[in-house]
Structure formats: structure tokens, C-alpha cells
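*Asks:* File follows, upload_0.tsv with TSV, C-alpha atoms:
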```
chain	number	residue	atom	x	y	z
A	246	MET	CA	286.31	53.75	67.09
A	247	ALA	CA	283.14	54.62	69.03
A	248	LYS	CA	281.22	52.00	67.07
A	249	ARG	CA	283.72	49.27	67.98
A	250	LYS	CA	283.59	50.25	71.66
A	251	GLU	CA	279.78	50.02	71.66
A	252	ALA	CA	279.91	46.57	70.06
A	253	ARG	CA	282.41	45.31	72.64
A	254	VAL	CA	280.02	45.77	75.57
A	255	ARG	CA	277.27	43.74	73.93
A	256	ALA	CA	278.26	40.41	75.46
A	257	THR	CA	278.43	39.95	79.21
A	258	GLY	CA	280.47	37.66	81.44
A	259	PRO	CA	284.07	36.49	81.28
A	260	VAL	CA	285.39	35.68	77.83
A	261	SER	CA	285.37	31.94	77.21
A	262	ALA	CA	285.01	29.53	74.30
A	263	ASP	CA	281.32	29.20	75.18
A	264	LEU	CA	280.75	32.96	75.09
A	265	ILE	CA	282.61	33.25	71.79
A	266	GLU	CA	280.48	30.48	70.32
A	267	GLN	CA	277.32	32.10	71.65
A	268	GLU	CA	278.16	35.38	69.94
A	269	ALA	CA	279.19	33.57	66.75
A	270	VAL	CA	275.80	31.83	66.67
A	271	ARG	CA	274.08	35.20	66.89
A	272	LEU	CA	276.26	36.84	64.27
A	273	PHE	CA	276.16	33.93	61.81
A	274	SER	CA	272.37	33.79	62.17
A	275	GLU	CA	271.98	37.53	61.62
A	276	ARG	CA	274.51	38.03	58.81
A	277	THR	CA	275.57	34.52	57.61
A	278	TYR	CA	278.97	32.90	58.04
A	279	PRO	CA	280.80	34.35	55.00
A	280	VAL	CA	279.95	37.94	55.96
A	281	VAL	CA	281.11	37.72	59.58
A	282	GLY	CA	284.80	38.24	60.22
A	283	MET	CA	286.92	37.44	63.24
A	284	ARG	CA	286.96	41.14	64.11
A	285	ASP	CA	283.17	41.12	64.29
A	286	ILE	CA	283.31	38.22	66.75
A	287	SER	CA	286.07	39.79	68.83
A	288	ASP	CA	284.14	43.06	68.99
A	289	ALA	CA	281.06	41.19	70.17
A	290	VAL	CA	282.91	39.60	73.12
A	291	GLY	CA	285.06	42.64	73.86
A	292	ILE	CA	288.57	41.41	73.10
A	293	LEU	CA	291.16	42.04	70.39
A	294	PRO	CA	290.96	39.76	67.32
A	295	GLY	CA	294.26	38.08	68.12
A	296	SER	CA	293.04	37.16	71.59
A	297	LEU	CA	290.31	34.96	70.11
A	298	TYR	CA	292.94	32.37	69.29
A	299	VAL	CA	293.55	31.77	72.97
A	300	HIS	CA	290.10	30.13	72.98
A	301	ILE	CA	289.55	28.87	69.41
A	302	THR	CA	291.65	27.83	66.44
A	303	SER	CA	289.63	29.29	63.55
A	304	LYS	CA	286.29	30.60	62.32
A	305	GLU	CA	285.81	27.23	60.60
A	306	GLU	CA	286.12	25.50	63.98
A	307	LEU	CA	283.46	27.81	65.39
A	308	LEU	CA	281.03	26.97	62.61
A	309	LEU	CA	281.73	23.25	62.89
A	310	ASN	CA	281.12	23.25	66.64
A	311	ILE	CA	277.88	25.18	66.21
A	312	VAL	CA	276.61	22.82	63.53
A	313	VAL	CA	277.63	19.63	65.33
A	314	ARG	CA	276.08	20.69	68.62
A	315	GLY	CA	273.00	21.98	66.87
A	316	ILE	CA	272.29	18.72	65.06
A	317	GLN	CA	273.27	16.58	68.06
A	318	ASN	CA	270.64	18.38	70.14
A	319	TYR	CA	267.99	17.12	67.73
A	320	LEU	CA	269.41	13.60	67.57
A	321	ASP	CA	269.39	13.33	71.36
A	322	ALA	CA	265.83	14.65	71.65
A	323	ILE	CA	264.28	12.58	68.84
A	324	ARG	CA	266.11	9.26	69.24
A	325	PRO	CA	263.97	8.09	72.20
A	326	MET	CA	260.88	8.38	69.99
A	327	ALA	CA	262.49	6.38	67.19
A	328	GLU	CA	263.49	3.64	69.65
A	329	SER	CA	260.18	3.60	71.53
A	330	THR	CA	257.75	0.67	71.42
A	331	GLU	CA	254.73	3.00	71.34
A	332	PRO	CA	252.45	3.00	68.26
A	333	ALA	CA	254.02	4.73	65.27
A	334	PRO	CA	251.59	7.69	65.27
A	335	VAL	CA	252.43	8.38	68.92
A	336	ARG	CA	256.14	8.14	68.18
A	337	LEU	CA	255.94	10.45	65.18
A	338	ARG	CA	253.96	13.03	67.15
A	339	GLY	CA	256.50	12.79	69.93
A	340	ALA	CA	259.40	13.21	67.49
A	341	ILE	CA	257.83	16.29	65.91
A	342	LYS	CA	257.11	17.84	69.30
A	343	ALA	CA	260.66	17.05	70.44
A	344	HIS	CA	262.00	18.85	67.36
A	345	ILE	CA	259.96	21.96	68.13
A	346	ARG	CA	261.04	21.94	71.77
A	347	VAL	CA	264.69	21.95	70.70
A	348	LEU	CA	263.97	24.68	68.15
A	349	SER	CA	262.27	26.82	70.79
A	350	GLY	CA	265.43	26.76	72.89
A	351	GLY	CA	267.83	27.66	70.08
A	352	VAL	CA	266.34	29.20	66.94
A	353	ASP	CA	269.57	30.97	65.95
A	354	ARG	CA	271.71	27.87	66.43
A	355	THR	CA	269.25	25.81	64.40
A	356	ARG	CA	269.28	28.31	61.55
A	357	VAL	CA	273.06	28.12	61.42
A	358	ALA	CA	273.25	24.34	61.90
A	359	PHE	CA	270.62	23.47	59.30
A	360	HIS	CA	271.37	26.08	56.65
A	361	GLN	CA	275.02	27.15	56.87
A	362	TRP	CA	276.85	23.83	57.20
A	363	THR	CA	277.52	23.99	53.45
A	364	TYR	CA	280.18	26.65	54.12
A	365	LEU	CA	282.36	24.05	55.85
A	366	ASN	CA	285.34	22.49	54.11
A	367	PRO	CA	284.79	19.14	52.32
A	368	ALA	CA	286.00	16.95	55.20
A	369	ASN	CA	283.78	18.70	57.72
A	370	ARG	CA	280.81	18.71	55.31
A	371	LYS	CA	281.17	14.94	55.02
A	372	ARG	CA	280.91	14.63	58.79
A	373	ILE	CA	277.77	16.76	58.84
A	374	VAL	CA	276.18	14.84	55.97
A	375	ALA	CA	276.55	11.71	58.08
A	376	MET	CA	274.88	13.41	61.05
A	377	ARG	CA	272.05	14.67	58.86
A	378	GLY	CA	271.65	11.11	57.60
A	379	ARG	CA	271.22	9.87	61.16
A	380	TYR	CA	268.60	12.55	61.75
A	381	GLU	CA	266.72	11.41	58.64
A	382	ASP	CA	267.01	7.78	59.73
A	383	LEU	CA	265.16	8.49	62.97
A	384	PHE	CA	262.06	9.61	61.08
A	385	ALA	CA	262.52	6.89	58.47
A	386	THR	CA	262.43	4.25	61.22
A	387	ILE	CA	259.17	5.55	62.66
A	388	ILE	CA	257.47	5.81	59.29
A	389	ALA	CA	258.70	2.40	58.11
A	390	ASP	CA	257.46	0.81	61.33
A	391	GLY	CA	254.09	2.49	60.90
A	392	ILE	CA	253.73	1.17	57.37
A	393	ALA	CA	254.77	-2.32	58.44
A	394	SER	CA	252.22	-2.33	61.26
A	395	GLY	CA	249.43	-1.00	59.07
A	396	GLU	CA	249.16	2.22	61.10
A	397	PHE	CA	250.37	4.21	58.12
A	398	ARG	CA	249.21	3.61	54.58
A	399	LYS	CA	251.46	1.92	52.03
A	400	MET	CA	253.18	4.25	49.59
A	401	ARG	CA	255.44	3.98	46.57
A	402	SER	CA	258.23	5.99	48.20
A	403	GLN	CA	258.65	6.04	51.95
A	404	ARG	CA	261.57	8.45	51.59
A	405	ILE	CA	259.35	11.11	50.06
A	406	ALA	CA	257.16	10.90	53.15
A	407	VAL	CA	260.24	11.18	55.37
A	408	LEU	CA	261.67	14.14	53.47
A	409	SER	CA	258.29	15.87	53.43
A	410	THR	CA	258.06	15.60	57.21
A	411	ILE	CA	261.63	16.78	57.72
A	412	GLY	CA	261.19	19.61	55.22
A	413	THR	CA	258.21	20.92	57.15
A	414	LEU	CA	260.21	20.88	60.38
A	415	ASN	CA	263.28	22.48	58.83
A	416	SER	CA	261.17	25.29	57.37
A	417	ALA	CA	260.00	26.16	60.88
A	418	THR	CA	263.30	27.97	61.42
A	419	GLU	CA	261.99	30.64	59.04
A	420	TRP	CA	258.73	31.36	60.85
A	421	TYR	CA	258.85	29.97	64.38
A	422	SER	CA	259.09	32.46	67.24
A	423	PRO	CA	259.58	31.44	70.88
A	424	THR	CA	257.51	34.50	71.83
A	425	GLY	CA	254.53	33.50	69.67
A	426	THR	CA	251.05	32.89	71.04
A	427	LEU	CA	251.36	29.09	70.82
A	428	SER	CA	253.59	27.02	73.08
A	429	PRO	CA	256.17	24.65	71.55
A	430	GLU	CA	253.85	21.76	72.47
A	431	GLU	CA	250.93	23.36	70.65
A	432	VAL	CA	253.01	24.12	67.56
A	433	GLY	CA	254.32	20.56	67.56
A	434	ASP	CA	250.85	19.10	67.89
A	435	GLN	CA	249.55	21.14	64.97
A	436	LEU	CA	252.46	20.13	62.75
A	437	ALA	CA	252.00	16.49	63.81
A	438	ASP	CA	248.30	16.67	62.92
A	439	GLY	CA	249.24	17.67	59.38
A	440	ALA	CA	251.92	15.01	59.01
A	441	LEU	CA	249.72	12.22	60.36
A	442	LEU	CA	246.80	13.24	58.16
A	443	GLY	CA	248.92	12.44	55.12
A	444	LEU	CA	250.34	9.19	56.52
A	445	GLN	CA	247.45	7.42	58.18
A	446	GLN	CA	244.94	5.21	56.47
A	447	GLN	CA	241.93	7.11	55.16
```
Let me see the structure of the file written as C-alpha cells.

*Replies:*
Amino acid sequence: MAKRKEARVRATGPVSADLIEQEAVRLFSERTYPVVGMRDISDAVGILPGSLYVHITSKEELLLNIVVRGIQNYLDAIRPMAESTEPAPVRLRGAIKAHIRVLSGGVDRTRVAFHQWTYLNPANRKRIVAMRGRYEDLFATIIADGIASGEFRKMRSQRIAVLSTIGTLNSATEWYSPTGTLSPEEVGDQLADGALLGLQQQ
């Protein structure tokens, strides 16, 4: 009983859907979605498990909201670079730096959004696959434009270049720390240097 009481004072502020989602992000990131129960979430916000349903409908809904908002944050930040008329190398650098800026403001949410969406039911997974496709398309547009303009070298598979870039960014959730010695801009620039080195004409 003492352990549950200690857990219930962890979160601060009035209980709301936003606070519940905030604590769910933390718990899912720390322990993964299947391990976390509704009692864990209710303890974290300081209410009884049954009271959660005043604010949410299910644990699945929590995960879906976290994933959707997490991916949408990246789409909103990167889309201006994909739609820009700047040279492709400038746009790709800007897209990579935008990704790292979003990551720096929500590492836990990104870990859940990028790696735990597979726990969703089939209908919700289909929705997320479509969002992930739009995320991929943003980078594909920049790289395709760069190849067409001659700023990037021709290659047998543009998609491999796209997936390689995205894979590097997605892996940052495993090592990036907002309290590190480099700023998000510096991290983004270094990652962009590596990506552009492989794409530009030698």
C-alpha cells in the first residue's frame, strides 16, 4: 500500500486527459506498452483505476493518441523543408535538423511513437502505416528532387537512400540525450553532413 501511495504523488497538477497521456508516455517508454497496466497509469496520476475512464476510453486509445501526435509532430516540422524551393542539400539538412529539434523536445514520445505502434490493433496499425508513409515521402521528395537537379548523384535505388537517412534518424532515439554536450542544431548538422556525403556528387 505504501508503494502505491508513493507512486500516486509522482505526477503534479489536476488530473486531465493530457496528464494521463503524459504519464502513459513516460511509462510506455520506460517499460513498454504490454507491461504497463491501467493500474500503473492510475497510480502515476493519483486516481483509482476506474476513474481513468472519465478521461479516456482504453489503454489502446492512449497508445494511439501518443503515436499519432508523435508522428504528426515530425510531419509538421519536416513538411516545410520538403515543400521548399531551396536547393535539395539545404532542404535535406533542414529536414534532418527539424527532426532532431522535435526529438529533443520529446524523446520518450518519439520512442513510443516510432517503436511501439506495432502493439496497436490492425485497424489502428493501418492508420499509422499511412502516416509513416507520409513521413517517408517527405524525404523521398527531397532526394528525388536533388537527383533530378543533379545536386545528388544518380543511384539504382532512391528508396534505399531514403530509408538509410530515415534509419539513421530513427536510431537517434536510442542514443540522443537533450542534456548532451551538443545542441539539437549541432547534432542535426553532424547527421546531415554524413547523409549529404553519401548523396552528393563526388

*Asks:* Within 9 Å of stretch 269-277 of chain A, which residues of stretch 305-325 of chain A come that close, and what is the closest atom pair and distance in Å for each? Count all atoms listed in the file and give it as a tab-separated table.

*Replies:*
```
residue	atom	partner	partner_atom	distance
A:Leu307	CA	A:Ala269	CA	7.3
A:Leu308	CA	A:Ala269	CA	8.0
A:Ile311	CA	A:Val270	CA	7.0
```

*Asks:* Output C-alpha atoms for every residue in the selection just made, as a PDB file, in the frame of the given file.

*Replies:*
```pdb
ATOM      1  CA  LEU A 307     283.460  27.810  65.390  1.00  0.00           C
ATOM      2  CA  LEU A 308     281.030  26.970  62.610  1.00  0.00           C
ATOM      3  CA  ILE A 311     277.880  25.180  66.210  1.00  0.00           C
TER       4      ILE A 311
END
```

*Asks:* One decimal, in Å: what's the spacing between atom CA of A:His360 and atom CA of A:Pro325?

*Replies:*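 Computing it gives 24.9 Å between the two atoms.
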
*Asks:* Could you check which of A:Arg336, A:Arg377, A:Arg372, A:Lys304 is closest to A:Ile411, using only C-alpha atoms?

*Replies:*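 When distances to A:Ile411 are compared using only C-alpha atoms, the smallest one comes from A:Arg377.
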
*Asks:* Using all atoms listed in the file, what table do you get, as CSV, when you list each residue of stretch 332-372 of chain A with an atom no more than 12 Å from stretch 263-266 of chain A, its nearest pair of atoms, and their distance in Å rounded to one decimal, rows by chain then rising number?

*Replies:*
```
residue,atom,partner,partner_atom,distance
A:Asp353,CA,A:Glu266,CA,11.8
A:Arg354,CA,A:Glu266,CA,9.9
A:Val357,CA,A:Glu266,CA,11.8
```

*Asks:* I'd like to know which of A:Ala393, A:Leu383, A:Leu444, A:Met400 is closest to A:Ser329, using all atoms listed in the file.

*Replies:*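 Of A:Ala393, A:Leu383, A:Leu444, A:Met400, the one nearest A:Ser329 is A:Leu383, counting all atoms listed in the file.
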
*Asks:* Excluding A:Leu441 and any residue of its chain fewer than 4 positions from it, enumerate the residues within 8 Å of it, using only C-alpha atoms, and give them as an MDAnalysis selection string.

*Replies:* chainID A and resid 334 437 445

*Asks:* Name the closest residue to A:Val374 among the candidates A:Leu427, A:Ala327, A:Ile316, A:Leu348; distances are taken between atoms, counting only C-alpha atoms.

*Replies:*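 Looking only at the distances to A:Val374, the closest residue turns out to be A:Ile316.
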
*Asks:* Give me, please, the distance in Å between atom CA of A:Arg379 and atom CA of A:Tyr319, quoted to one decimal.

*Replies:* 10.3 Å

*Asks:* Taking 2 positions as the minimum chain separation for residues in the same chain, which residues sit within 10 Å of A:Ala406 when counting all atoms listed in the file? Answer as JSON, numbers by chain.

*Replies:* {"A": [384, 385, 388, 389, 400, 401, 402, 403, 404, 408, 409, 410, 411, 412, 440, 443, 444]}

*Asks:* Using only C-alpha atoms, which residue out of A:Val432, A:Thr386, A:Glu419, A:Thr424 lies closest to A:Met326?

*Replies:*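 Comparing A:Val432, A:Thr386, A:Glu419, A:Thr424 against A:Met326, the winner is A:Thr386.
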
*Asks:* For A:Gly295, work out the shell of residues within 9 Å, counting only C-alpha atoms and skipping chain neighbours fewer than 5 positions away, then give it as number ranges by chain.

*Replies:* A: 283-284, 287

*Asks:* For atom CA of A:Thr302 and atom CA of A:Gly351, determine how far apart the two atoms are, in Å to one decimal place.

*Replies:*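 According to the coordinates, atom CA of A:Thr302 and atom CA of A:Gly351 are separated by 24.1 Å.
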
*Asks:* Would you mind telling me which residue in A:Pro332, A:Pro279, A:Gly439, A:Gly291 lies nearest to A:Asp390 when using all atoms listed in the file?

*Replies:* A:Pro332

*Asks:* Which residue gives the smallest distance to A:Val312 among A:Arg324, A:His344, A:His300, A:Arg370, with all atoms listed in the file counted?

*Replies:*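 Of the candidates, the smallest distance to A:Val312 is held by A:Arg370.
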